[in-house]
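Dumped upload.cif below, it's mmCIF, C-alpha atoms and all ligand atoms:
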```cif
data_data
loop_
_atom_site.label_atom_id
_atom_site.label_comp_id
_atom_site.auth_asym_id
_atom_site.auth_seq_id
_atom_site.Cartn_x
_atom_site.Cartn_y
_atom_site.Cartn_z
CA MET A 1 2.86 -0.62 22.19
CA THR A 2 0.83 -3.66 21.29
CA LEU A 3 0.04 -3.41 17.59
CA PHE A 4 -2.34 -5.44 15.45
CA ILE A 5 -0.93 -5.56 11.95
CA VAL A 6 -3.81 -6.72 9.82
CA GLY A 7 -2.46 -8.13 6.57
CA GLY A 8 0.98 -8.56 8.13
CA ALA A 9 1.68 -11.57 5.91
CA GLY A 10 1.43 -9.47 2.75
CA TYR A 11 4.00 -7.48 0.82
CA ILE A 12 3.85 -4.16 2.68
CA GLY A 13 2.49 -5.64 5.93
CA SER A 14 5.43 -8.03 6.36
CA HIS A 15 7.88 -5.13 6.11
CA MET A 16 5.81 -3.30 8.70
CA VAL A 17 5.90 -6.29 11.05
CA LYS A 18 9.68 -6.40 10.82
CA LEU A 19 10.18 -2.69 11.41
CA ALA A 20 7.65 -2.45 14.26
CA HIS A 21 9.22 -5.45 15.99
CA LEU A 22 12.73 -4.03 15.61
CA ALA A 23 11.42 -0.75 17.06
CA GLY A 24 10.47 -2.68 20.20
CA HIS A 25 6.72 -3.04 19.81
CA GLU A 26 4.69 -6.14 20.50
CA VAL A 27 3.40 -7.13 17.09
CA ILE A 28 0.50 -9.44 16.31
CA THR A 29 -0.21 -10.24 12.68
CA LEU A 30 -3.81 -10.97 11.75
CA ASP A 31 -4.11 -12.44 8.27
CA ASN A 32 -6.34 -14.87 6.37
CA LEU A 33 -3.44 -15.81 4.07
CA SER A 34 -5.59 -15.28 0.98
CA THR A 35 -2.73 -13.43 -0.70
CA GLY A 36 -0.12 -13.32 2.06
CA HIS A 37 2.44 -15.91 3.15
CA LYS A 38 2.79 -17.14 6.71
CA ASP A 39 6.54 -17.52 6.28
CA ALA A 40 6.77 -13.79 5.53
CA VAL A 41 5.78 -13.07 9.14
CA LEU A 42 9.26 -13.16 10.58
CA TYR A 43 8.59 -11.50 13.93
CA GLY A 44 5.93 -11.32 16.63
CA LYS A 45 2.86 -13.53 16.80
CA PHE A 46 0.63 -14.77 14.01
CA GLU A 47 -3.14 -15.23 14.36
CA TYR A 48 -5.22 -16.55 11.51
CA CYS A 49 -8.13 -14.14 11.06
CA ASP A 50 -10.45 -13.09 8.27
CA ILE A 51 -11.67 -9.53 8.82
CA GLN A 52 -15.16 -10.67 7.81
CA ASP A 53 -15.27 -12.89 10.91
CA SER A 54 -16.58 -10.72 13.76
CA ASN A 55 -16.40 -13.48 16.37
CA ARG A 56 -12.76 -14.16 15.66
CA LEU A 57 -11.95 -10.45 15.70
CA SER A 58 -13.72 -10.08 19.03
CA GLU A 59 -11.79 -13.01 20.49
CA LEU A 60 -8.47 -11.50 19.39
CA PHE A 61 -9.25 -7.98 20.62
CA LYS A 62 -10.14 -9.47 24.03
CA LYS A 63 -7.00 -11.57 24.12
CA TYR A 64 -4.45 -8.89 23.20
CA GLN A 65 -6.15 -5.52 23.87
CA PRO A 66 -4.06 -3.75 21.22
CA ASP A 67 -3.20 -0.05 21.53
CA ALA A 68 -3.56 0.50 17.81
CA VAL A 69 -4.44 -1.27 14.57
CA MET A 70 -2.52 -0.96 11.30
CA HIS A 71 -4.60 -2.21 8.40
CA PHE A 72 -2.86 -3.47 5.26
CA SER A 73 -5.22 -6.24 4.33
CA ALA A 74 -6.85 -5.43 1.00
CA TYR A 75 -7.11 -6.59 -2.56
CA SER A 76 -5.16 -4.03 -4.53
CA LEU A 77 -5.15 -4.79 -8.23
CA VAL A 78 -6.65 -2.06 -10.34
CA GLY A 79 -7.25 -4.32 -13.37
CA GLU A 80 -8.88 -7.10 -11.33
CA SER A 81 -11.14 -4.59 -9.60
CA MET A 82 -12.56 -3.62 -13.01
CA THR A 83 -13.66 -7.19 -13.74
CA ASP A 84 -14.54 -8.32 -10.20
CA PRO A 85 -15.77 -5.27 -8.26
CA TYR A 86 -17.73 -7.40 -5.78
CA LYS A 87 -14.49 -8.86 -4.47
CA TYR A 88 -13.16 -5.34 -3.80
CA TYR A 89 -16.22 -3.87 -2.13
CA GLN A 90 -16.77 -7.04 -0.08
CA ASN A 91 -13.26 -7.43 1.26
CA ASN A 92 -11.92 -3.91 1.24
CA THR A 93 -14.98 -1.89 2.18
CA VAL A 94 -17.24 -4.32 4.06
CA GLY A 95 -14.29 -6.11 5.69
CA THR A 96 -12.81 -2.84 6.92
CA LEU A 97 -16.18 -1.72 8.27
CA ASN A 98 -16.30 -4.95 10.23
CA LEU A 99 -12.80 -4.39 11.58
CA LEU A 100 -13.70 -0.83 12.62
CA LYS A 101 -16.78 -2.12 14.43
CA ALA A 102 -14.63 -4.56 16.39
CA MET A 103 -12.26 -1.74 17.30
CA ILE A 104 -15.06 0.48 18.61
CA ASP A 105 -16.64 -2.44 20.50
CA HIS A 106 -13.32 -3.09 22.24
CA ASP A 107 -12.45 0.54 22.82
CA CYS A 108 -9.40 0.51 20.55
CA LYS A 109 -9.44 3.90 18.86
CA LYS A 110 -6.16 4.37 17.03
CA PHE A 111 -6.08 3.29 13.40
CA ILE A 112 -3.53 3.43 10.62
CA PHE A 113 -5.04 2.82 7.22
CA SER A 114 -3.42 1.98 3.88
CA SER A 115 -5.16 3.95 1.21
CA THR A 116 -4.07 4.63 -2.31
CA ALA A 117 -3.36 7.16 -5.02
CA ALA A 118 -6.18 5.43 -6.88
CA VAL A 119 -8.68 7.54 -4.89
CA PHE A 120 -7.77 10.52 -7.10
CA GLY A 121 -8.52 9.11 -10.55
CA ASN A 122 -7.01 11.11 -13.40
CA PRO A 123 -5.31 14.07 -11.75
CA GLU A 124 -6.31 17.63 -12.47
CA TYR A 125 -2.79 18.71 -11.50
CA THR A 126 0.45 17.14 -10.30
CA PRO A 127 2.07 16.65 -7.90
CA ILE A 128 -1.13 15.52 -6.21
CA ASP A 129 -1.62 16.94 -2.73
CA GLU A 130 -4.10 15.80 -0.12
CA THR A 131 -6.78 18.32 -1.08
CA HIS A 132 -6.84 17.29 -4.75
CA PRO A 133 -10.39 16.25 -5.79
CA LYS A 134 -11.15 12.55 -5.32
CA ALA A 135 -12.64 10.96 -8.43
CA PRO A 136 -11.53 7.32 -8.61
CA ILE A 137 -11.84 5.65 -12.00
CA ASN A 138 -11.75 2.05 -10.79
CA PRO A 139 -13.55 0.02 -8.09
CA TYR A 140 -10.29 -0.46 -6.19
CA GLY A 141 -9.93 3.30 -5.69
CA LYS A 142 -13.63 3.63 -4.89
CA SER A 143 -13.49 0.82 -2.31
CA LYS A 144 -10.71 2.70 -0.48
CA LEU A 145 -12.31 6.14 -0.79
CA MET A 146 -15.46 4.78 0.87
CA ILE A 147 -13.35 3.74 3.85
CA GLU A 148 -11.75 7.17 4.07
CA GLN A 149 -15.26 8.63 4.18
CA MET A 150 -16.40 6.14 6.83
CA LEU A 151 -13.39 7.05 8.94
CA GLU A 152 -14.39 10.72 9.05
CA ASP A 153 -17.76 9.69 10.48
CA PHE A 154 -16.23 7.22 12.95
CA ASP A 155 -14.00 9.99 14.23
CA SER A 156 -16.92 12.41 14.72
CA ALA A 157 -19.24 9.85 16.25
CA TYR A 158 -16.97 7.49 18.21
CA GLY A 159 -13.73 9.42 18.61
CA LEU A 160 -11.73 6.97 16.46
CA LYS A 161 -8.45 8.69 15.58
CA TYR A 162 -6.66 7.68 12.43
CA VAL A 163 -3.86 8.36 10.04
CA VAL A 164 -4.63 7.49 6.42
CA PHE A 165 -1.66 6.99 4.11
CA ARG A 166 -2.30 7.11 0.40
CA TYR A 167 0.51 5.21 -1.26
CA PHE A 168 1.56 5.92 -4.76
CA ASN A 169 3.52 2.96 -6.22
CA ALA A 170 4.99 0.83 -3.46
CA ALA A 171 8.05 -1.01 -4.74
CA GLY A 172 11.36 -2.57 -3.77
CA GLU A 173 12.49 -5.31 -1.46
CA ASP A 174 14.07 -5.76 1.93
CA LEU A 175 17.68 -4.58 1.93
CA ASP A 176 18.63 -7.42 4.33
CA GLY A 177 17.21 -9.93 1.84
CA GLU A 178 14.79 -11.37 4.42
CA LEU A 179 11.58 -10.42 2.62
CA THR A 180 10.65 -10.56 -1.04
CA GLU A 181 7.65 -9.46 -3.07
CA ARG A 182 5.56 -12.55 -3.83
CA HIS A 183 2.25 -11.90 -5.53
CA ASP A 184 0.50 -14.70 -7.34
CA PRO A 185 -0.19 -13.84 -10.06
CA GLU A 186 2.31 -10.99 -10.23
CA THR A 187 0.91 -7.96 -12.05
CA HIS A 188 3.16 -5.11 -10.91
CA LEU A 189 5.57 -3.50 -13.30
CA LEU A 190 8.88 -3.73 -11.45
CA PRO A 191 8.66 -7.37 -10.29
CA LEU A 192 7.50 -8.39 -13.78
CA ILE A 193 10.45 -6.61 -15.37
CA MET A 194 12.78 -8.36 -12.92
CA GLN A 195 11.26 -11.74 -13.83
CA THR A 196 12.02 -10.91 -17.47
CA VAL A 197 15.59 -9.94 -16.57
CA ARG A 198 16.05 -13.32 -14.84
CA GLY A 199 14.63 -15.15 -17.85
CA GLU A 200 11.56 -16.37 -15.95
CA ARG A 201 9.33 -14.54 -18.43
CA GLU A 202 9.90 -14.13 -22.14
CA VAL A 203 8.74 -10.59 -22.49
CA ILE A 204 7.45 -7.54 -20.66
CA SER A 205 4.43 -5.77 -22.14
CA ILE A 206 3.97 -2.02 -22.06
CA TYR A 207 0.28 -1.39 -21.44
CA GLY A 208 -0.55 1.54 -23.68
CA ASN A 209 1.69 3.93 -25.62
CA ASP A 210 -0.87 6.64 -26.40
CA TYR A 211 -1.35 8.29 -23.01
CA ASP A 212 -0.94 12.03 -22.72
CA THR A 213 2.50 11.76 -21.09
CA LYS A 214 6.10 12.49 -22.09
CA ASP A 215 6.51 9.28 -24.11
CA GLY A 216 2.94 8.00 -24.26
CA THR A 217 3.35 5.46 -21.44
CA CYS A 218 1.92 5.77 -17.91
CA VAL A 219 3.86 7.76 -15.36
CA ARG A 220 4.12 6.61 -11.74
CA ASP A 221 5.82 7.71 -8.53
CA TYR A 222 7.67 4.76 -6.96
CA ILE A 223 8.26 4.63 -3.21
CA HIS A 224 10.30 2.03 -1.36
CA VAL A 225 8.41 -0.26 0.96
CA LYS A 226 10.84 0.38 3.83
CA ASP A 227 10.28 4.11 3.61
CA LEU A 228 6.55 3.40 3.71
CA SER A 229 6.94 1.26 6.81
CA ARG A 230 9.01 3.90 8.58
CA VAL A 231 6.40 6.59 8.12
CA HIS A 232 3.70 4.24 9.40
CA LEU A 233 5.59 3.98 12.66
CA GLN A 234 5.79 7.76 12.81
CA GLY A 235 2.04 7.83 12.19
CA VAL A 236 1.23 5.46 15.03
CA GLU A 237 3.58 7.31 17.38
CA TYR A 238 1.74 10.53 16.49
CA LEU A 239 -1.60 8.91 17.36
CA MET A 240 -0.32 7.60 20.68
CA GLN A 241 0.87 11.00 21.87
CA GLU A 242 -1.13 12.28 24.78
CA GLY A 243 -4.00 14.37 23.36
CA SER A 244 -2.69 13.92 19.83
CA GLY A 245 -5.79 15.55 18.46
CA ASP A 246 -6.68 15.41 14.84
CA SER A 247 -6.89 12.52 12.48
CA LYS A 248 -4.70 12.97 9.41
CA VAL A 249 -4.49 12.00 5.75
CA TYR A 250 -1.17 11.96 3.91
CA ASN A 251 -0.04 11.22 0.36
CA LEU A 252 3.17 9.20 0.16
CA GLY A 253 5.53 9.19 -2.79
CA ASN A 254 8.89 10.59 -3.82
CA GLY A 255 7.42 13.40 -5.91
CA GLU A 256 9.02 12.25 -9.15
CA GLY A 257 7.27 10.47 -12.00
CA PHE A 258 8.78 7.80 -14.25
CA SER A 259 7.13 6.47 -17.38
CA VAL A 260 6.90 2.74 -18.01
CA LYS A 261 9.53 3.12 -20.75
CA GLU A 262 11.84 5.02 -18.42
CA VAL A 263 11.53 2.31 -15.78
CA ILE A 264 12.39 -0.34 -18.35
CA GLU A 265 15.42 1.66 -19.52
CA LYS A 266 16.61 2.17 -15.94
CA VAL A 267 16.45 -1.57 -15.28
CA ARG A 268 18.40 -2.27 -18.47
CA GLU A 269 21.03 0.24 -17.43
CA ILE A 270 21.41 -1.13 -13.91
CA THR A 271 21.35 -4.83 -14.73
CA GLY A 272 23.08 -4.64 -18.11
CA VAL A 273 20.59 -7.24 -19.33
CA GLU A 274 18.78 -6.87 -22.65
CA PHE A 275 15.26 -8.27 -22.50
CA ASN A 276 12.25 -8.37 -24.78
CA VAL A 277 9.65 -5.62 -24.59
CA ILE A 278 6.40 -5.39 -26.55
CA GLU A 279 3.83 -2.65 -26.80
CA ALA A 280 0.35 -3.84 -25.88
CA ASN A 281 -3.11 -2.35 -25.35
CA ARG A 282 -3.95 -0.13 -22.41
CA ARG A 283 -4.97 -1.86 -19.18
CA ALA A 284 -8.45 -0.81 -18.09
CA GLY A 285 -8.61 1.48 -15.07
CA ASP A 286 -5.07 2.93 -15.34
CA PRO A 287 -4.74 6.70 -14.87
CA ALA A 288 -2.09 8.29 -17.12
CA THR A 289 -0.04 10.00 -14.42
CA LEU A 290 0.22 9.68 -10.64
CA ILE A 291 2.82 11.78 -8.83
CA ALA A 292 2.58 12.60 -5.14
CA SER A 293 3.16 15.69 -3.15
CA SER A 294 4.31 14.44 0.27
CA LYS A 295 4.99 17.88 1.68
CA SER A 296 2.45 17.45 4.48
CA ALA A 297 3.87 14.12 5.65
CA LYS A 298 7.37 15.61 5.58
CA LYS A 299 6.38 18.72 7.48
CA GLU A 300 4.02 17.22 10.02
CA LEU A 301 5.31 13.68 10.58
CA GLY A 302 8.95 14.02 9.63
CA PHE A 303 8.61 11.66 6.66
CA ALA A 304 12.12 11.41 5.23
CA PRO A 305 12.46 8.75 2.53
CA GLN A 306 15.94 7.24 2.40
CA ILE A 307 15.69 4.99 -0.65
CA ASN A 308 14.20 7.74 -2.74
CA LYS A 309 15.90 7.29 -6.09
CA LEU A 310 14.33 4.94 -8.62
CA GLU A 311 17.82 3.57 -9.19
CA ASP A 312 18.13 2.54 -5.53
CA ILE A 313 14.66 1.04 -5.50
CA ILE A 314 15.62 -1.06 -8.53
CA LYS A 315 18.95 -2.03 -6.93
CA SER A 316 17.02 -3.44 -3.94
CA LEU A 317 15.42 -5.88 -6.42
CA VAL A 318 18.62 -7.07 -8.07
N1 LIG B 1 2.41 -1.93 -16.51
C1 LIG B 1 2.85 -2.30 -17.75
N2 LIG B 1 3.14 -3.62 -17.93
C2 LIG B 1 3.02 -4.56 -16.98
C3 LIG B 1 2.56 -4.15 -15.70
C4 LIG B 1 2.26 -2.82 -15.50
O1 LIG B 1 2.98 -1.50 -18.67
O2 LIG B 1 3.29 -5.73 -17.23
C5 LIG B 1 2.11 -0.51 -16.28
C6 LIG B 1 0.70 -0.27 -15.79
O3 LIG B 1 -0.19 -0.17 -16.87
C7 LIG B 1 0.87 1.04 -15.02
C8 LIG B 1 2.32 0.96 -14.50
O4 LIG B 1 2.96 -0.05 -15.27
O5 LIG B 1 0.80 2.10 -15.89
C9 LIG B 1 2.38 0.53 -13.04
O6 LIG B 1 1.56 -0.61 -12.89
P1 LIG B 1 1.52 -1.48 -11.57
O7 LIG B 1 0.59 -2.61 -11.82
O8 LIG B 1 2.90 -1.80 -11.14
O9 LIG B 1 0.96 -0.48 -10.51
P2 LIG B 1 -0.41 0.38 -10.54
O10 LIG B 1 0.00 1.79 -10.87
O11 LIG B 1 -1.46 -0.22 -11.36
O12 LIG B 1 -0.95 0.19 -9.09
C10 LIG B 1 -0.22 0.44 -7.94
C11 LIG B 1 -0.81 -0.40 -6.83
C12 LIG B 1 -2.20 0.05 -6.55
C13 LIG B 1 -2.26 1.54 -6.35
C14 LIG B 1 -1.62 2.27 -7.49
C15 LIG B 1 -1.61 3.73 -7.22
O13 LIG B 1 -0.83 -1.76 -7.16
O14 LIG B 1 -2.62 -0.59 -5.39
O15 LIG B 1 -0.30 1.79 -7.64
O16 LIG B 1 -0.77 4.35 -8.10
F1 LIG B 1 -3.53 1.96 -6.30
#
```

Written as structure tokens, that's how I'd like the structure from this file.
Ligand code: UFG
Amino acid sequence: MTLFIVGGAGYIGSHMVKLAHLAGHEVITLDNLSTGHKDAVLYGKFEYCDIQDSNRLSELFKKYQPDAVMHFSAYSLVGESMTDPYKYYQNNTVGTLNLLKAMIDHDCKKFIFSSTAAVFGNPEYTPIDETHPKAPINPYGKSKLMIEQMLEDFDSAYGLKYVVFRYFNAAGEDLDGELTERHDPETHLLPLIMQTVRGEREVISIYGNDYDTKDGTCVRDYIHVKDLSRVHLQGVEYLMQEGSGDSKVYNLGNGEGFSVKEVIEKVREITGVEFNVIEANRRAGDPATLIASSKSAKKELGFAPQINKLEDIIKSLV
């Protein structure tokens, strides 16, 4: 297959590029390098492209005629989306609409989309399955939910077939040590804790200790980036099957929730390093608990996470 991996220079995208290449596919990364790194694209071809640029997209679709598009290129910080919603709707929603238009124009009708647990808002029950009500509490989640809704209409009207994956908390690094997580600024819990372990930061802050959870801190379901990449390949293979039929939406996590305090304790235990922790105010836009039910992805796609223990995810960072 010839695959466009949009956002292939980013954290999850670069793992996808590696896995898809090793699986024998022709991989072309499209990225505007706004948050990604060109040197993270270790395999396949790289084409500079901003998804807002229709002419450039058109040129690239003509040149490569991809069989499918995997779309990882999005701003994804909940906190930032609260203070700069324009950035999120403009890039995530409008940019994706533009990409979808280019696909339809060039008769490319297989799409893998990175969505998020943030489409659910504060859960009414956990683990969260695919039919759980969608009530995002931040612009990031709303920007992604709008795309999910657009996709339903693009399927009905233009026959665009898709698999949407809603990630819970993507974490971990490449086990071969070829790829690392490099966000600037870094805002995610695990990489920030690891910076504190290495002495690159003085302290890790716990954002909020008065949530309605086991110890008052937010609970998340961490999933290793390699397991995410693997199931994306299964998703694209499903779409490429002759007469594959329906578009699908899947939640992806390990089905187990860890509080911020538990994550900190686990890192202390594994590294044996004592580091400074302070309790700080809540971060706006954070739901208390997000735990996935991935039963559908397991049953229908054969999703089988291999690095599914928090301990092993942390070890991939050490
Ligand atoms: N946290 C801290 N201290 C920090 C950083 C984070 O206490 O220094 C807390 C957050 O408040 C949150 C938890 O750790 O409760 C996890 O925070 P992350 O920033 O690592 O991840 P998020 O849960 O905010 O977001 C991630 C992705 C989103 C996705 C979301 C879905 O970045 O794209 O998971 O669960 F939408």

- What separation in Å, quoted to one decimal, exists between atom CA of A:Asn281 and atom CA of A:Tyr207? 5.3 Å

- Using all atoms listed in the file, which residues sit within 10 Å of A:Gly13 once same-chain residues fewer than 4 positions away are excluded, as a list in words? Ile5, Val6, Gly7, Gly8, Ala9, Val17, Lys18, Leu19, Thr29, Asp31, Gly36, Ala40, Val41, Met70, His71, Phe72, Ser73, Ser114, Val225 and Ser229 of chain A

- Message: Need to verify the contact set: stretch 260-268 of chain A, 6 Å, all atoms listed in the file, exclusion of same-chain residues closer than 3 positions in sequence. Can you return it as a PyMOL selection string?
- Response: chain A and resi 217-218+271-273

Which polymer residues have any atom within 8 Å of an atom of A:Pro287, counting all atoms listed in the file, with same-chain residues fewer than 6 positions away left out, as an mmCIF file with C-alpha atoms, in the coordinates of the input?
```cif
data_model
loop_
_atom_site.group_PDB
_atom_site.id
_atom_site.type_symbol
_atom_site.label_atom_id
_atom_site.label_comp_id
_atom_site.auth_asym_id
_atom_site.auth_seq_id
_atom_site.Cartn_x
_atom_site.Cartn_y
_atom_site.Cartn_z
ATOM 1 C CA GLY A 121 -8.520 9.110 -10.550
ATOM 2 C CA ASN A 122 -7.010 11.110 -13.400
ATOM 3 C CA ILE A 137 -11.840 5.650 -12.000
ATOM 4 C CA CYS A 218 1.920 5.770 -17.910
#
```

- Message: Show me which residues are within 7 Å of ligand LIG 1 (chain B) counting all atoms listed in the file, and format the list as a PyMOL selection string.
- Response: chain A and resi 76-78+116-118+141+167-170+187-190+192+204-208+217-220+260+282-283+286+288+290

- Closest of A:Arg56, A:Lys309, A:His183, A:Lys299 to A:Leu99 - atom-to-atom distances counting all atoms listed in the file: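 Of A:Arg56, A:Lys309, A:His183, A:Lys299, the one nearest A:Leu99, counting all atoms listed in the file, is A:Arg56.
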
- Item | From A:Lys110, A:Lys295, A:Leu317, A:Glu152, residue lying nearest A:Arg198 [all atoms listed in the file] | A:Leu317

- Note on the structure: Between A:Glu311, A:Glu237, A:Asp84, A:Asp174, smallest distance to A:Ile112 by only C-alpha atoms belongs to A:Glu237

- Note on the structure: Nearest to A:Gly10, restricted to all atoms listed in the file and choosing among A:Lys315, A:His232, A:His37, A:Lys214, comes out as A:His37
